[in-house]
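Asker: Just passing along the structure, written as structure tokens.
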Amino acid sequence: MQIAFIGLGNMGAPMAINLHKAGHSVKAFDLSQDALAKIKAEGLQVAASAQDAVQGAEAVVTMLPASQHVEGLFLGNGNLLASIAKGTLVIDSSTIAAATSQKVAKAAEALGIDFIDAPVSGGTGGAIAGSLTFMVGGTDAQLQRARPLLEKMGANIFHAGAVGAGQTAKICNNMLLGILMVGTSEAIALGVANGLDPKVLSEIMRRSSGGNWALEKYNPFPGVHENAPASKGYAGGFGTDLMLKDLGLAQENAIATKASTPLGGMARAIYAAHSIAGHGGEDFSSVIKMVQKKG
Ligand code: NAD
């Protein structure tokens with residue numbers, strides 16, 4: 001199948017590579033020349049623009065940072081929807097506001113284009129391994145169309161509900177992730193301040209009632225998990241500013257629905273302070289620096 005892939009960052013690049021490895025003809029585009037050079041070295045075709053990428057595509061996949069990028073691409077200056085052929089399937093895997101997904105889907109529907117939201121969980125490790133979890137918002141028929149492509153990039157595919165529902169599921173998950181990374185960081189920092197070995201303490205908690213995803217796969221303390229961003233100077237991974245965006249989406253939603261999310265609000269404030277302190281571009285697990293004893 002001819003696929004256009006737009007947004008080749010930490011997540012998009014490995015996802016596009018998995019579609020290419022599965023035998024699809026992938027034409028990729030990103031605003032960053034570095035990102036394009038990396039993808040070209042992997043044997044994928046590189047487009048001159050988003051408009052060029054979608055020419056002749058039967059499916060379009062987007063993996064962009066935030067709502068404004070998705071809305072700007074499809075409806076804004078570029079007005080990409082106008083360049084996409086009727087009947088094309090568009091899968092947006094970015095984490096954005098549900099209302100933005102619904103707005104773009106409505107404009108797409110008017111042009112006979114199938115647009116679904118399919119945000120992901122699993123981190124860059126999951127994107128590379130092709131083991132992501134997809135949370136899909138759309139109709140049964142749209143999910144059926146998307147499933148063969150999603151299966152090449154992920155291991156778990158959930159139908160959350162109508163368009164936008166995937167985004168709602170995703171912000172609930174990421175609010176919990178943001179909170180548990182702060183809590184895990186606090187617990188490890190407390191143990192280390194008392195002379196415990198972070199590896200031993202992490203293993204004790206992983207196998208006890210405090211066990212969670214950060215302790216399993218994404219330890220915030222350097223050297224505990226060899227492949228985690230913490231062991232690579234907090235480079236790559238899931239940026240603090242992206243976590244801050246997701247916690248903001250969760251709070252906006254909580255305000256609109258009068259939901260009570262006190263820890264989600266506190267976590268947003270902690271990541272905001274961490275970002276302001278200059279760590280916005282580091283992986284979000286660097287939030288441990290907020291609670292670690294200096295010196
Ligand atoms: P990233 O910042 O590494 O990559 C985003 C890419 O989009 C960049 O290469 C940028 O140049 C490109 N881009 C921006 N606007 C563009 C445009 N108009 N046209 C073409 N390219 C454009 O971000 P990421 O970590 O890959 O995350 C992407 C999305 O996935 C975000 O919504 C994030 O919240 C979500 N997400 C990330 C992770 C993770 O672990 N990194 C996990 C799950 C979900």
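The chains in the structure tokens are called A, B, ... from first to last as shown; in each chain the residues are counted from 1, and the ligands are counted from 1 in the order shown.
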Ligand 1: which residues are within 6 Å, counting only C-alpha atoms and all ligand atoms, as a list of chain:residue names?
Answerer: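 Every residue with an atom at most 6 Å from ligand 1 is listed here: A:Ile6, A:Gly7, A:Leu8, A:Gly9, A:Asn10, A:Met11, A:Gly12, A:Phe29, A:Asp30, A:Leu31, A:Ser32, A:Ala35, A:Met63, A:Leu64, A:Pro65, A:Ala66, A:His69, A:Leu73, A:Ser94, A:Thr95, A:Val120, A:Ser121, A:Gly123, A:Thr124, A:Gly237, A:Phe238, A:Leu242.
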Asker: Those same residues - C-alpha atoms - I'd like them written as an mmCIF file, in the first residue's frame.
Answerer:
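What landed in result-v9.cif:
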data_model
loop_
_atom_site.group_PDB
_atom_site.id
_atom_site.type_symbol
_atom_site.label_atom_id
_atom_site.label_comp_id
_atom_site.auth_asym_id
_atom_site.auth_seq_id
_atom_site.Cartn_x
_atom_site.Cartn_y
_atom_site.Cartn_z
ATOM 1 C CA ILE A 6 4.116 12.976 8.309
ATOM 2 C CA GLY A 7 6.064 13.710 11.553
ATOM 3 C CA LEU A 8 9.269 11.699 11.951
ATOM 4 C CA GLY A 9 10.324 12.485 15.520
ATOM 5 C CA ASN A 10 11.159 10.120 18.365
ATOM 6 C CA MET A 11 7.966 8.129 17.730
ATOM 7 C CA GLY A 12 7.097 8.785 14.082
ATOM 8 C CA PHE A 29 7.786 14.151 5.358
ATOM 9 C CA ASP A 30 8.991 16.248 8.308
ATOM 10 C CA LEU A 31 9.872 19.934 8.645
ATOM 11 C CA SER A 32 13.274 18.874 10.052
ATOM 12 C CA ALA A 35 14.703 13.791 10.595
ATOM 13 C CA MET A 63 2.618 11.807 14.354
ATOM 14 C CA LEU A 64 2.949 15.476 15.339
ATOM 15 C CA PRO A 65 3.585 17.196 18.687
ATOM 16 C CA ALA A 66 0.317 18.961 19.611
ATOM 17 C CA HIS A 69 0.351 21.243 14.555
ATOM 18 C CA LEU A 73 -1.427 20.918 8.848
ATOM 19 C CA SER A 94 -0.477 12.436 17.804
ATOM 20 C CA THR A 95 -1.739 13.105 21.340
ATOM 21 C CA VAL A 120 -0.386 5.498 21.287
ATOM 22 C CA SER A 121 1.279 4.333 24.465
ATOM 23 C CA GLY A 123 7.216 4.898 24.464
ATOM 24 C CA THR A 124 10.012 4.939 21.917
ATOM 25 C CA GLY A 237 12.204 9.339 24.966
ATOM 26 C CA PHE A 238 9.123 11.408 25.858
ATOM 27 C CA LEU A 242 5.075 16.785 25.820
#
Asker: Pull the alpha helix (DSSP H) assignments for stretch 43-275 of chain A out of DSSP run on the backbone, and list those residues as a ChimeraX atom specification.
Answerer: /A:50-54,67-74,98-110,123-129,140-153,165-193,198-206,213-217,240-257,262-274
Asker: Run DSSP on the backbone of this structure and report the residues of stretch 144-273 of chain A it assigns to strand (DSSP E or B), as a CSV table (one decimal) with all heavy atoms, in the first residue's frame.
Answerer:
chain,number,residue,atom,x,y,z
A,154,GLY,N,1.9,-1.8,16.2
A,154,GLY,CA,1.5,-2.1,17.6
A,154,GLY,C,1.1,-3.5,17.9
A,154,GLY,O,0.9,-4.3,16.9
A,155,ALA,N,1.0,-3.8,19.2
A,155,ALA,CA,0.6,-5.1,19.6
A,155,ALA,C,-0.8,-5.1,20.2
A,155,ALA,O,-1.5,-6.2,20.2
A,155,ALA,CB,1.6,-5.7,20.6
A,156,ASN,N,-1.3,-4.0,20.7
A,156,ASN,CA,-2.6,-3.9,21.3
A,156,ASN,C,-3.4,-2.8,20.6
A,156,ASN,O,-2.9,-1.7,20.6
A,156,ASN,CB,-2.5,-3.6,22.8
A,156,ASN,CG,-1.6,-4.6,23.5
A,156,ASN,OD1,-2.0,-5.7,23.6
A,156,ASN,ND2,-0.5,-4.1,24.0
A,157,ILE,N,-4.6,-3.1,20.2
A,157,ILE,CA,-5.4,-2.1,19.5
A,157,ILE,C,-6.8,-2.1,20.2
A,157,ILE,O,-7.5,-3.1,20.2
A,157,ILE,CB,-5.6,-2.5,18.0
A,157,ILE,CG1,-4.2,-2.5,17.3
A,157,ILE,CG2,-6.5,-1.5,17.3
A,157,ILE,CD1,-4.2,-3.2,16.0
A,158,PHE,N,-7.1,-0.9,20.8
A,158,PHE,CA,-8.4,-0.8,21.5
A,158,PHE,C,-9.3,0.2,20.8
A,158,PHE,O,-8.8,1.2,20.3
A,158,PHE,CB,-8.1,-0.3,22.9
A,158,PHE,CG,-7.5,-1.3,23.8
A,158,PHE,CD1,-6.1,-1.2,24.1
A,158,PHE,CD2,-8.2,-2.3,24.4
A,158,PHE,CE1,-5.5,-2.1,24.9
A,158,PHE,CE2,-7.6,-3.3,25.2
A,158,PHE,CZ,-6.2,-3.2,25.5
A,159,HIS,N,-10.6,-0.2,20.7
A,159,HIS,CA,-11.6,0.8,20.2
A,159,HIS,C,-12.2,1.5,21.3
A,159,HIS,O,-13.0,0.9,22.1
A,159,HIS,CB,-12.6,0.0,19.4
A,159,HIS,CG,-13.5,0.9,18.6
A,159,HIS,ND1,-14.6,0.5,17.9
A,159,HIS,CD2,-13.4,2.2,18.3
A,159,HIS,CE1,-15.2,1.5,17.3
A,159,HIS,NE2,-14.5,2.6,17.5
A,160,ALA,N,-11.8,2.8,21.5
A,160,ALA,CA,-12.2,3.5,22.7
A,160,ALA,C,-13.6,4.1,22.5
A,160,ALA,O,-14.3,4.3,23.5
A,160,ALA,CB,-11.2,4.7,23.0
A,161,GLY,N,-14.0,4.3,21.3
A,161,GLY,CA,-15.4,4.9,21.0
A,161,GLY,C,-15.4,5.7,19.7
A,161,GLY,O,-14.5,5.5,18.9
A,239,GLY,N,9.5,13.8,25.8
A,239,GLY,CA,9.9,15.1,26.4
A,239,GLY,C,9.0,15.6,27.5
A,239,GLY,O,7.8,15.4,27.6
Asker: Which one is closest to A:Ala272: A:Ala105, A:Met243, A:Ile255, A:Ala118? Count only C-alpha atoms.
Answerer: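 Closest to A:Ala272 of all the choices is A:Met243.
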Asker: Could you check how far atom CA of A:Val46 sits from atom CA of A:Gly87, in Å to one decimal?
Answerer: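 That distance, rounded to one decimal, is 23.5 Å.
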Asker: Env of stretch 280-292 of chain A: 8 Å cut, atoms = only C-alpha atoms, seq-sep filter 6 positions within chain, self excluded. Answer as a list in words.
Answerer: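 The neighbour list is Met181, Val182, Ser185, Glu186, Ala189, Tyr218, Asn219, Pro220, Phe221, Pro229, Ala230, Tyr234, Ala235, Gly236, Gly237, Phe238, Gly239, Thr240, Asp241, Met243, Tyr271 and His274 of chain A.
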Asker: Can you work out which one of A:Leu177, A:Met1, A:Ile276, A:Ala129 has the shortest atom-to-atom distance to A:Leu89, counting only C-alpha atoms?
Answerer: A:Met1
